file upload34.txt (compact mmCIF, C-alpha atoms and all ligand atoms)
# COMPACT_ATOMS: atom_id res chain seq x y z
CA MET K 1 128.74 110.00 67.45
CA LYS K 2 128.45 106.35 68.28
CA LEU K 3 126.57 103.80 66.18
CA THR K 4 124.59 101.46 68.33
CA SER K 5 121.81 98.91 68.27
CA ILE K 6 118.43 100.30 69.25
CA PHE K 7 118.30 97.63 71.96
CA SER K 8 121.39 99.11 73.66
CA VAL K 9 120.03 102.65 73.74
CA SER K 10 118.80 104.06 77.06
CA PRO K 11 116.40 106.91 77.82
CA GLY K 12 118.48 110.08 78.11
CA ASP K 13 120.79 109.22 75.20
CA VAL K 14 120.97 112.05 72.67
CA LEU K 15 120.37 111.32 69.00
CA SER K 16 123.19 112.53 66.76
CA GLN K 17 121.40 111.76 63.50
CA THR K 18 118.09 112.82 62.05
CA ILE K 19 115.88 109.81 61.33
CA ILE K 20 113.60 109.75 58.32
CA ASP K 21 110.94 107.20 57.51
CA ALA K 22 110.35 105.37 54.27
CA LYS K 23 108.15 108.20 52.99
CA GLY K 24 110.88 110.77 53.49
CA ASN K 25 109.28 112.37 56.55
CA ILE K 26 111.45 113.37 59.48
CA LEU K 27 110.67 111.18 62.48
CA LEU K 28 113.19 112.48 65.00
CA ARG K 29 115.72 115.24 64.69
CA GLU K 30 119.36 115.24 65.63
CA GLY K 31 119.76 116.49 69.22
CA VAL K 32 116.55 114.91 70.53
CA VAL K 33 116.86 113.31 73.98
CA LEU K 34 115.49 109.80 73.62
CA THR K 35 112.71 108.63 75.93
CA GLN K 36 111.47 105.07 76.35
CA LYS K 37 108.46 106.04 74.22
CA TYR K 38 110.67 107.18 71.34
CA ILE K 39 112.82 104.07 71.65
CA ASN K 40 109.75 101.79 71.52
CA LYS K 41 108.45 103.68 68.50
CA LEU K 42 111.76 103.22 66.65
CA ILE K 43 111.72 99.49 67.47
CA ASP K 44 108.13 99.29 66.16
CA LEU K 45 109.24 100.91 62.92
CA GLY K 46 112.02 98.37 62.49
CA ILE K 47 114.81 100.91 62.94
CA LEU K 48 117.64 98.80 64.23
CA TYR K 49 120.60 101.12 64.60
CA VAL K 50 120.91 104.74 65.61
CA TYR K 51 123.70 107.24 66.00
CA ILE K 52 123.89 108.74 69.48
CA LYS K 53 126.21 111.31 71.00
CA ASP K 54 129.16 109.97 73.00
CA LYS K 55 131.70 111.89 75.05
CA ASN K 56 134.57 109.82 73.65
CA LEU K 57 133.59 110.51 70.05
CA SER K 58 132.75 114.20 69.95
CA ASP K 59 135.39 114.80 67.24
CA ILE K 60 133.90 112.21 64.86
CA PRO K 61 131.70 113.91 62.27
CA GLY K 62 128.03 113.04 62.10
CA GLN K 63 126.12 112.62 58.91
CA ASP K 64 126.38 115.08 56.10
CA LEU K 65 123.10 116.96 56.08
CA HIS K 66 123.26 117.68 52.36
CA PHE K 67 123.52 113.96 51.64
CA LEU K 68 120.59 113.25 53.97
CA GLU K 69 118.56 115.90 52.18
CA ILE K 70 119.24 114.35 48.76
CA LYS K 71 118.32 110.91 50.06
CA THR K 72 115.13 112.27 51.62
CA GLN K 73 114.11 113.81 48.30
CA ALA K 74 114.96 110.60 46.50
CA VAL K 75 112.84 108.55 48.91
CA LYS K 76 109.89 110.89 48.36
CA ALA K 77 110.24 110.83 44.58
CA LEU K 78 110.63 107.07 44.48
CA ASN K 79 107.60 106.61 46.67
CA LYS K 80 105.56 108.17 43.89
CA VAL K 81 107.11 105.99 41.17
CA TYR K 82 106.61 102.77 43.13
CA SER K 83 102.99 103.62 43.87
CA ARG K 84 102.18 103.63 40.13
CA VAL K 85 101.94 99.90 39.87
CA HIS K 86 100.27 99.72 36.52
CA ASN K 87 101.92 102.31 34.46
CA VAL K 88 105.13 104.08 35.30
CA SER K 89 105.36 107.10 33.07
CA ASN K 90 108.18 109.42 32.13
CA GLY K 91 106.43 112.20 34.06
CA ASP K 92 106.50 110.23 37.32
CA PHE K 93 110.15 109.53 36.81
CA LYS K 94 111.18 113.13 36.13
CA GLU K 95 111.53 114.06 39.79
CA THR K 96 113.45 110.87 40.48
CA LEU K 97 115.87 111.62 37.66
CA LYS K 98 116.48 115.02 39.20
CA THR K 99 117.45 113.43 42.50
CA ILE K 100 119.63 110.83 40.74
CA ASN K 101 121.43 113.71 39.11
CA GLU K 102 122.04 115.28 42.51
CA LEU K 103 123.20 111.97 43.97
CA VAL K 104 125.64 111.51 41.09
CA GLU K 105 127.04 115.02 41.52
CA TYR K 106 127.38 114.54 45.25
CA LEU K 107 129.23 111.25 44.86
CA ILE K 108 131.57 112.65 42.20
CA ASP K 109 132.36 115.72 44.34
CA ASN K 110 132.86 113.74 47.53
CA LYS K 111 134.93 110.84 46.24
CA GLU K 112 137.08 110.72 49.35
CA VAL K 113 134.44 110.88 52.04
CA ASN K 114 131.51 109.17 50.43
CA PHE K 115 132.50 105.61 51.20
CA MET K 116 131.86 106.08 54.88
CA TYR K 117 128.18 106.69 54.26
CA LEU K 118 127.73 103.58 52.21
CA THR K 119 127.97 101.24 55.15
CA GLU K 120 125.48 103.31 57.05
CA LEU K 121 123.18 100.67 58.45
CA LYS K 122 119.47 100.60 57.89
CA THR K 123 117.79 103.34 59.78
CA TYR K 124 114.51 103.30 57.89
CA ASP K 125 111.89 100.65 57.67
CA ASN K 126 112.37 98.20 54.87
CA TYR K 127 110.22 99.05 51.92
CA THR K 128 111.35 97.87 48.54
CA PHE K 129 112.11 101.39 47.42
CA VAL K 130 114.31 102.17 50.42
CA HIS K 131 116.34 99.09 49.57
CA SER K 132 116.39 100.31 45.97
CA LEU K 133 117.72 103.69 47.02
CA ASN K 134 120.50 102.19 49.13
CA SER K 135 121.47 99.81 46.32
CA CYS K 136 121.49 102.79 43.98
CA VAL K 137 123.95 104.66 46.19
CA VAL K 138 126.27 101.62 46.30
CA SER K 139 126.02 101.12 42.50
CA LEU K 140 126.84 104.76 41.91
CA PHE K 141 129.76 104.58 44.29
CA LEU K 142 131.15 101.63 42.32
CA GLY K 143 130.46 103.45 39.04
CA VAL K 144 132.36 106.52 40.27
CA GLN K 145 135.33 104.29 41.13
CA MET K 146 135.18 102.90 37.58
CA ALA K 147 135.43 106.47 36.28
CA TYR K 148 132.06 106.22 34.50
CA SER K 149 130.90 109.40 32.79
CA LYS K 150 128.06 111.37 34.31
CA ALA K 151 125.61 110.14 31.66
CA MET K 152 126.62 106.53 32.35
CA LEU K 153 126.23 107.06 36.10
CA ILE K 154 122.74 108.44 35.64
CA ASP K 155 121.73 105.33 33.66
CA LEU K 156 123.33 103.11 36.28
CA GLY K 157 121.55 104.97 39.09
CA ALA K 158 118.16 105.02 37.34
CA GLY K 159 118.28 101.30 36.53
CA THR K 160 119.33 100.35 40.05
CA LEU K 161 116.58 102.48 41.55
CA LEU K 162 113.99 100.69 39.44
CA HIS K 163 115.54 97.22 39.61
CA ASP K 164 112.79 95.69 41.75
CA ILE K 165 109.84 97.65 40.37
CA GLY K 166 108.38 94.37 39.08
CA LYS K 167 107.88 93.28 42.70
CA MET K 168 105.00 95.73 42.88
CA LYS K 169 103.01 93.18 40.89
CA ILE K 170 104.00 90.16 42.97
CA PRO K 171 101.25 89.21 45.46
CA GLN K 172 101.86 90.58 48.96
CA SER K 173 101.32 87.09 50.37
CA ILE K 174 104.50 85.96 48.59
CA LEU K 175 106.48 89.18 48.95
CA ASN K 176 105.95 89.41 52.71
CA LYS K 177 105.73 85.73 53.52
CA ASN K 178 107.06 84.92 56.95
CA GLY K 179 109.05 81.82 56.08
CA LYS K 180 110.59 80.01 53.16
CA LEU K 181 108.81 80.23 49.80
CA THR K 182 107.45 77.04 48.25
CA GLU K 183 108.80 76.10 44.84
CA GLU K 184 105.67 77.52 43.13
CA GLU K 185 105.89 80.76 45.09
CA TYR K 186 109.56 81.11 44.25
CA ASP K 187 108.70 80.64 40.57
CA VAL K 188 106.25 83.55 40.85
CA MET K 189 108.87 85.66 42.65
CA LYS K 190 111.35 84.96 39.86
CA THR K 191 109.08 86.65 37.34
CA HIS K 192 109.72 90.13 38.80
CA PRO K 193 112.64 91.07 36.50
CA GLU K 194 110.58 90.41 33.35
CA ILE K 195 107.47 92.06 34.82
CA GLY K 196 109.57 95.08 35.79
CA TYR K 197 111.10 95.29 32.33
CA GLU K 198 107.61 95.25 30.76
CA MET K 199 106.59 98.09 33.09
CA ILE K 200 109.44 100.39 32.06
CA LYS K 201 110.11 99.19 28.51
CA SER K 202 108.40 102.11 26.83
CA MET K 203 109.89 104.83 29.05
CA ASN K 204 112.23 106.98 27.02
CA SER K 205 113.74 108.84 29.99
CA ILE K 206 115.84 105.77 30.73
CA ASN K 207 117.88 104.00 28.07
CA GLU K 208 118.58 100.32 27.36
CA ARG K 209 121.70 100.27 29.56
CA GLY K 210 119.57 101.27 32.54
CA LYS K 211 116.71 98.97 31.58
CA SER K 212 119.09 96.01 31.36
CA ILE K 213 119.51 96.26 35.15
CA VAL K 214 115.81 95.66 35.72
CA LEU K 215 115.82 92.60 33.48
CA GLU K 216 119.19 91.08 34.39
CA HIS K 217 119.91 91.90 38.06
CA HIS K 218 119.29 88.28 39.11
CA GLU K 219 121.53 86.75 36.47
CA ARG K 220 124.66 85.21 37.99
CA TYR K 221 128.19 85.43 36.61
CA ASP K 222 128.40 81.61 36.49
CA GLY K 223 125.16 81.35 34.48
CA LYS K 224 123.02 79.94 37.29
CA GLY K 225 120.79 82.99 37.68
CA TYR K 226 117.42 83.94 36.20
CA PRO K 227 115.42 84.71 34.07
CA TYR K 228 117.69 83.63 31.17
CA GLY K 229 120.73 82.00 32.77
CA LEU K 230 123.07 84.46 31.06
CA LYS K 231 126.77 84.05 31.81
CA GLY K 232 129.76 86.40 32.32
CA ASN K 233 129.91 89.10 29.65
CA GLU K 234 126.49 88.13 28.30
CA ILE K 235 125.10 90.02 31.31
CA SER K 236 125.29 93.79 30.93
CA LYS K 237 128.05 95.41 32.97
CA TYR K 238 125.43 97.65 34.57
CA ALA K 239 123.43 94.66 35.78
CA ARG K 240 126.61 93.02 37.10
CA ILE K 241 127.29 96.13 39.22
CA ALA K 242 123.69 96.34 40.43
CA CYS K 243 123.74 92.65 41.34
CA VAL K 244 126.54 93.26 43.89
CA SER K 245 124.87 96.32 45.39
CA ASP K 246 121.46 94.62 45.51
CA VAL K 247 122.82 91.59 47.39
CA TYR K 248 124.99 93.65 49.73
CA ASP K 249 122.14 95.89 50.79
CA ALA K 250 119.73 92.95 51.07
CA LEU K 251 122.16 91.18 53.41
CA ILE K 252 122.60 94.12 55.76
CA SER K 253 118.83 94.69 55.90
CA ASP K 254 116.44 93.00 58.23
CA ARG K 255 113.91 90.87 56.39
CA ILE K 256 110.71 89.38 57.67
CA TYR K 257 112.20 85.91 57.53
CA ARG K 258 115.66 86.60 58.93
CA ARG K 259 117.78 89.10 60.85
CA ALA K 260 120.28 91.29 59.06
CA PHE K 261 123.87 90.14 58.69
CA PRO K 262 126.47 92.35 60.38
CA PRO K 263 128.35 94.35 57.70
CA ASN K 264 131.56 92.33 58.09
CA GLU K 265 129.71 89.08 57.30
CA ALA K 266 127.93 90.65 54.32
CA TYR K 267 131.31 91.83 53.07
CA GLU K 268 132.80 88.33 53.44
CA PHE K 269 129.86 86.87 51.51
CA ILE K 270 130.45 89.24 48.59
CA LEU K 271 134.15 88.37 48.51
CA ALA K 272 133.46 84.64 48.74
CA SER K 273 130.98 84.83 45.83
CA SER K 274 133.43 86.33 43.36
CA GLY K 275 133.22 84.41 40.08
CA THR K 276 130.05 82.52 41.06
CA PHE K 277 127.41 85.12 41.83
CA PHE K 278 129.47 88.13 40.90
CA ASP K 279 131.86 89.52 38.32
CA PRO K 280 135.36 89.26 39.90
CA GLU K 281 136.31 92.69 38.57
CA ILE K 282 133.44 94.31 40.46
CA VAL K 283 134.18 92.33 43.62
CA ASP K 284 137.77 93.61 43.44
CA LEU K 285 136.50 97.17 43.21
CA PHE K 286 134.23 96.54 46.14
CA ARG K 287 137.14 95.15 48.19
CA ASN K 288 139.48 98.00 47.33
CA HIS K 289 137.12 100.87 47.98
CA PHE K 290 134.73 99.72 50.60
CA CYS K 291 134.94 99.95 54.34
CA VAL K 292 133.59 97.08 56.34
CA TYR K 293 133.12 98.76 59.69
CA PRO K 294 130.96 101.87 59.84
CA LEU K 295 132.26 104.92 61.71
CA GLY K 296 131.28 105.04 65.36
CA ILE K 297 130.63 101.31 65.76
CA GLU K 298 132.03 99.45 68.81
CA VAL K 299 134.34 96.53 68.10
CA LYS K 300 136.23 93.97 70.16
CA LEU K 301 139.90 93.67 69.23
CA SER K 302 141.98 90.50 69.21
CA ASN K 303 143.95 91.82 72.24
CA GLY K 304 140.72 91.88 74.27
CA CYS K 305 140.31 95.68 74.27
CA HIS K 306 137.11 97.41 73.16
CA ALA K 307 137.28 100.30 70.72
CA TYR K 308 135.23 102.54 68.45
CA VAL K 309 135.91 102.82 64.72
CA ILE K 310 136.98 106.42 64.10
CA GLY K 311 138.41 106.44 60.58
CA GLN K 312 138.96 104.32 57.49
CA ASN K 313 142.04 103.36 55.52
CA LYS K 314 141.36 103.13 51.82
CA GLY K 315 142.45 99.78 50.42
CA PHE K 316 142.36 98.15 53.87
CA PRO K 317 138.64 97.75 54.45
CA ASP K 318 138.94 95.62 57.58
CA ARG K 319 141.77 97.58 59.25
CA PRO K 320 140.34 100.97 60.23
CA ARG K 321 141.61 103.49 62.78
CA VAL K 322 140.11 102.83 66.20
CA ARG K 323 139.85 104.50 69.60
CA ILE K 324 140.39 102.12 72.49
CA PHE K 325 138.26 102.95 75.52
CA LYS K 326 138.16 99.68 77.52
CA ASN K 327 141.14 97.54 78.38
CA GLU K 328 141.31 93.75 78.14
CA GLU K 329 139.67 93.45 81.58
CA GLY K 330 136.69 95.44 80.40
CA LYS K 331 137.65 98.48 82.50
CA GLU K 332 137.04 101.97 81.07
CA ILE K 333 140.34 103.76 80.41
CA GLU K 334 141.46 107.14 79.10
CA PRO K 335 140.78 106.65 75.37
CA TYR K 336 143.68 106.45 72.91
CA ASP K 337 143.81 105.93 69.16
CA ILE K 338 145.60 103.29 67.14
CA ASN K 339 145.72 102.64 63.42
CA LEU K 340 145.17 98.96 62.64
CA VAL K 341 147.10 99.33 59.39
CA GLU K 342 150.20 100.02 61.47
CA LYS K 343 149.46 97.60 64.31
CA ILE K 344 149.40 94.44 62.28
CA ASN K 345 149.46 92.16 65.34
CA VAL K 346 145.97 93.41 66.34
CA CYS K 347 142.78 92.84 64.37
CA ILE K 348 139.04 93.22 64.84
CA GLU K 349 137.43 90.14 66.28
CA ASN K 350 133.81 91.18 66.16
CA ILE K 351 131.26 93.98 66.27
CA ILE K 352 129.59 94.74 69.58
CA PHE K 353 125.97 95.73 69.06
FE FE D 1 115.20 91.69 42.43
call {"tool": "encode", "arguments": {"input": "upload34.txt", "output": "structure tokens"}}
result
Amino acid sequence: MKLTSIFSVSPGDVLSQTIIDAKGNILLREGVVLTQKYINKLIDLGILYVYIKDKNLSDIPGQDLHFLEIKTQAVKALNKVYSRVHNVSNGDFKETLKTINELVEYLIDNKEVNFMYLTELKTYDNYTFVHSLNSCVVSLFLGVQMAYSKAMLIDLGAGTLLHDIGKMKIPQSILNKNGKLTEEEYDVMKTHPEIGYEMIKSMNSINERGKSIVLEHHERYDGKGYPYGLKGNEISKYARIACVSDVYDALISDRIYRRAFPPNEAYEFILASSGTFFDPEIVDLFRNHFCVYPLGIEVKLSNGCHAYVIGQNKGFPDRPRVRIFKNEEGKEIEPYDINLVEKINVCIENIIF
């Protein structure tokens, strides 16, 4: 499978990934031959990247269907929680907790393979809860790397899923504004952590560790965040983890007011913000366990050749294994694989969308 921008897809290309919408419904199934009508529909829905079949990449595994199923269930359950603007109850959250449990088990059981899914680019439209789900997966991944217990992971997952619930009470005109917020509007926006905390404060199915994420996910390590300007260890560890996953997912998502950053630029931003925005210990974890380039994406190498990313090297997030299929003159060649960890004189120059 090849990961490509929706704008580079042509009628006749075969989808190698099932696409679900923000309500958890299946839009298109794996194996569907794309028509111009389907492509236009996906563009309308804001789906920017799709996996399609490619003759050079038939040995590269597609998505794990079990993982997709868990995420679909989670999206459905969350939809319900986020629609209860006024009063989120323990009952509403029960189903969500069940899916968090499944997510946690999946990530613990699949420690070695899971990191490739985390850089999966947005293939749903961008509702707050889809962003929350993706942030949750990244938080849990980091928590697993920190050897958190299952109970701790569930709190971390639950808190990250609910981190932006307070935005449900922010006026749509501010939330979806096409352009920069005024100072007054930004002040209103900044109330969402406290509003969210009020909304979930009395829920006993999530404990204080989880709730701290809702209240403190916009605090910064250097003390310049909000609502309280907490610094370093004053911010709960859970919120410090969620802060990294929230920002990472926000950067790789398309927003109304700006295009998404490519994953390599989002990754650089996280690294560059160590000690200011983020806890350096968590940024180190992120660097050591993350992969920058998703499987199946086309890249241009520093020697001028074009290649697809076909495998990751743990600990070397920007030096994956690649399959070269075009030479430096742009001519298609018989594909061959190289490992960028071994070929240190070659690096990735940029992503080709
Ligand atoms: Fe937030």
call {"tool": "closest_residue", "arguments": {"input": "upload34.txt", "among": "K:Leu161, K:Leu57, K:Ile100, K:Cys347", "to": "ligand FE 1 (chain D)", "atoms": "all atoms listed in the file"}}
result
K:Leu161
call {"tool": "closest_residue", "arguments": {"input": "upload34.txt", "among": "K:Asn327, K:Thr4, K:Asn288, K:Thr191", "to": "ligand FE 1 (chain D)", "atoms": "all atoms listed in the file"}}
result
K:Thr191
call {"tool": "residues_around", "arguments": {"input": "upload34.txt", "residues": "Glu183 (chain K)", "least_positions_apart": "6", "cutoff": "12 Å", "atoms": "all atoms listed in the file", "output": "count of residues only"}}
result
3
call {"tool": "residues_near_ligand", "arguments": {"input": "upload34.txt", "ligand": "ligand FE 1 (chain D)", "cutoff": "7 Å", "atoms": "all atoms listed in the file", "output": "list of chain:residue names"}}
result
K:His163, K:Asp164, K:His192, K:Pro193, K:His217, K:His218
call {"tool": "write_last_selection", "arguments": {"input": "upload34.txt", "atoms": "C-alpha atoms", "output": "PDB file, in the coordinates of the input"}}
result
ATOM      1  CA  HIS K 163     115.540  97.220  39.610  1.00  0.00           C
ATOM      2  CA  ASP K 164     112.790  95.690  41.750  1.00  0.00           C
ATOM      3  CA  HIS K 192     109.720  90.130  38.800  1.00  0.00           C
ATOM      4  CA  PRO K 193     112.640  91.070  36.500  1.00  0.00           C
ATOM      5  CA  HIS K 217     119.910  91.900  38.060  1.00  0.00           C
ATOM      6  CA  HIS K 218     119.290  88.280  39.110  1.00  0.00           C
TER       7      HIS K 218
END
call {"tool": "residues_around", "arguments": {"input": "upload34.txt", "residues": "Tyr197 (chain K)", "least_positions_apart": "6", "cutoff": "7 Å", "atoms": "only C-alpha atoms", "output": "ChimeraX atom specification"}}
result
/K:211,214-215
call {"tool": "write_last_selection", "arguments": {"input": "upload34.txt", "atoms": "C-alpha atoms", "output": "short mmCIF file (atom, residue, chain, number, x, y, z; two decimals), in the frame of the given file"}}
result
data_model
loop_
_atom_site.label_atom_id
_atom_site.label_comp_id
_atom_site.auth_asym_id
_atom_site.auth_seq_id
_atom_site.Cartn_x
_atom_site.Cartn_y
_atom_site.Cartn_z
CA LYS K 211 116.71 98.97 31.58
CA VAL K 214 115.81 95.66 35.72
CA LEU K 215 115.82 92.60 33.48
#
call {"tool": "atom_distance", "arguments": {"input": "upload34.txt", "atom1": "CA of Gly225 (chain K)", "atom2": "CA of Phe269 (chain K)"}}
result
17.0 Å
call {"tool": "closest_residue", "arguments": {"input": "upload34.txt", "among": "K:Ala239, K:Ile20, K:Leu285, K:Leu340", "to": "Val144 (chain K)", "atoms": "only C-alpha atoms"}}
result
K:Leu285
call {"tool": "atom_distance", "arguments": {"input": "upload34.txt", "atom1": "CA of Leu45 (chain K)", "atom2": "CA of Ile252 (chain K)"}}
result
16.6 Å
call {"tool": "closest_residue", "arguments": {"input": "upload34.txt", "among": "K:Ser245, K:Asn56, K:Gln36, K:Asn25", "to": "Tyr336 (chain K)", "atoms": "only C-alpha atoms"}}
result
K:Asn56
call {"tool": "atom_distance", "arguments": {"input": "upload34.txt", "atom1": "CA of Arg319 (chain K)", "atom2": "CA of Tyr148 (chain K)"}}
result
28.0 Å
call {"tool": "residues_around", "arguments": {"input": "upload34.txt", "residues": "region 68-79 of chain K", "least_positions_apart": "4", "cutoff": "10 Å", "atoms": "all atoms listed in the file", "output": "PDB file with C-alpha atoms, in the frame of the given file"}}
result
ATOM      1  CA  GLN K  17     121.400 111.760  63.500  1.00  0.00           C
ATOM      2  CA  THR K  18     118.090 112.820  62.050  1.00  0.00           C
ATOM      3  CA  ILE K  19     115.880 109.810  61.330  1.00  0.00           C
ATOM      4  CA  ILE K  20     113.600 109.750  58.320  1.00  0.00           C
ATOM      5  CA  ASP K  21     110.940 107.200  57.510  1.00  0.00           C
ATOM      6  CA  ALA K  22     110.350 105.370  54.270  1.00  0.00           C
ATOM      7  CA  LYS K  23     108.150 108.200  52.990  1.00  0.00           C
ATOM      8  CA  GLY K  24     110.880 110.770  53.490  1.00  0.00           C
ATOM      9  CA  ASN K  25     109.280 112.370  56.550  1.00  0.00           C
ATOM     10  CA  ILE K  26     111.450 113.370  59.480  1.00  0.00           C
ATOM     11  CA  GLN K  63     126.120 112.620  58.910  1.00  0.00           C
ATOM     12  CA  ASP K  64     126.380 115.080  56.100  1.00  0.00           C
ATOM     13  CA  SER K  83     102.990 103.620  43.870  1.00  0.00           C
ATOM     14  CA  ARG K  84     102.180 103.630  40.130  1.00  0.00           C
ATOM     15  CA  ASP K  92     106.500 110.230  37.320  1.00  0.00           C
ATOM     16  CA  PHE K  93     110.150 109.530  36.810  1.00  0.00           C
ATOM     17  CA  LYS K  94     111.180 113.130  36.130  1.00  0.00           C
ATOM     18  CA  GLU K  95     111.530 114.060  39.790  1.00  0.00           C
ATOM     19  CA  THR K  96     113.450 110.870  40.480  1.00  0.00           C
ATOM     20  CA  LEU K  97     115.870 111.620  37.660  1.00  0.00           C
ATOM     21  CA  LYS K  98     116.480 115.020  39.200  1.00  0.00           C
ATOM     22  CA  THR K  99     117.450 113.430  42.500  1.00  0.00           C
ATOM     23  CA  ILE K 100     119.630 110.830  40.740  1.00  0.00           C
ATOM     24  CA  ASN K 101     121.430 113.710  39.110  1.00  0.00           C
ATOM     25  CA  GLU K 102     122.040 115.280  42.510  1.00  0.00           C
ATOM     26  CA  LEU K 103     123.200 111.970  43.970  1.00  0.00           C
ATOM     27  CA  TYR K 106     127.380 114.540  45.250  1.00  0.00           C
ATOM     28  CA  TYR K 127     110.220  99.050  51.920  1.00  0.00           C
ATOM     29  CA  THR K 128     111.350  97.870  48.540  1.00  0.00           C
ATOM     30  CA  PHE K 129     112.110 101.390  47.420  1.00  0.00           C
ATOM     31  CA  VAL K 130     114.310 102.170  50.420  1.00  0.00           C
ATOM     32  CA  SER K 132     116.390 100.310  45.970  1.00  0.00           C
ATOM     33  CA  LEU K 133     117.720 103.690  47.020  1.00  0.00           C
ATOM     34  CA  ASN K 134     120.500 102.190  49.130  1.00  0.00           C
ATOM     35  CA  VAL K 137     123.950 104.660  46.190  1.00  0.00           C
ATOM     36  CA  LEU K 161     116.580 102.480  41.550  1.00  0.00           C
ATOM     37  CA  LEU K 162     113.990 100.690  39.440  1.00  0.00           C
TER      38      LEU K 162
END
call {"tool": "residues_around", "arguments": {"input": "upload34.txt", "residues": "Glu334 (chain K)", "least_positions_apart": "6", "cutoff": "12 Å", "atoms": "all atoms listed in the file", "output": "MDAnalysis selection string"}}
result
chainID K and resid 55:56 307 323:327
call {"tool": "write_last_selection", "arguments": {"input": "upload34.txt", "atoms": "C-alpha atoms", "output": "short mmCIF file (atom, residue, chain, number, x, y, z; two decimals), keeping the file's coordinate frame"}}
result
data_model
loop_
_atom_site.label_atom_id
_atom_site.label_comp_id
_atom_site.auth_asym_id
_atom_site.auth_seq_id
_atom_site.Cartn_x
_atom_site.Cartn_y
_atom_site.Cartn_z
CA LYS K 55 131.70 111.89 75.05
CA ASN K 56 134.57 109.82 73.65
CA ALA K 307 137.28 100.30 70.72
CA ARG K 323 139.85 104.50 69.60
CA ILE K 324 140.39 102.12 72.49
CA PHE K 325 138.26 102.95 75.52
CA LYS K 326 138.16 99.68 77.52
CA ASN K 327 141.14 97.54 78.38
#
call {"tool": "closest_residue", "arguments": {"input": "upload34.txt", "among": "K:Ile108, K:Ile170, K:Leu153, K:Val138", "to": "Tyr248 (chain K)", "atoms": "all atoms listed in the file"}}
result
K:Val138
call {"tool": "residues_around", "arguments": {"input": "upload34.txt", "residues": "Tyr38 (chain K)", "least_positions_apart": "4", "cutoff": "10 Å", "atoms": "only C-alpha atoms", "output": "VMD selection string"}}
result
chain K and resid 11 27 to 28 32 to 34 42 to 44
call {"tool": "closest_residue", "arguments": {"input": "upload34.txt", "among": "K:His131, K:Lys231, K:Ile200, K:Pro294", "to": "Pro262 (chain K)", "atoms": "all atoms listed in the file"}}
result
K:Pro294
call {"tool": "residues_near_point", "arguments": {"input": "upload34.txt", "point": "(118.5, 98.3, 32.0)", "cutoff": "12 Å", "atoms": "only C-alpha atoms", "output": "ChimeraX atom specification"}}
result
/K:152,154-164,193-194,196-217,235-242
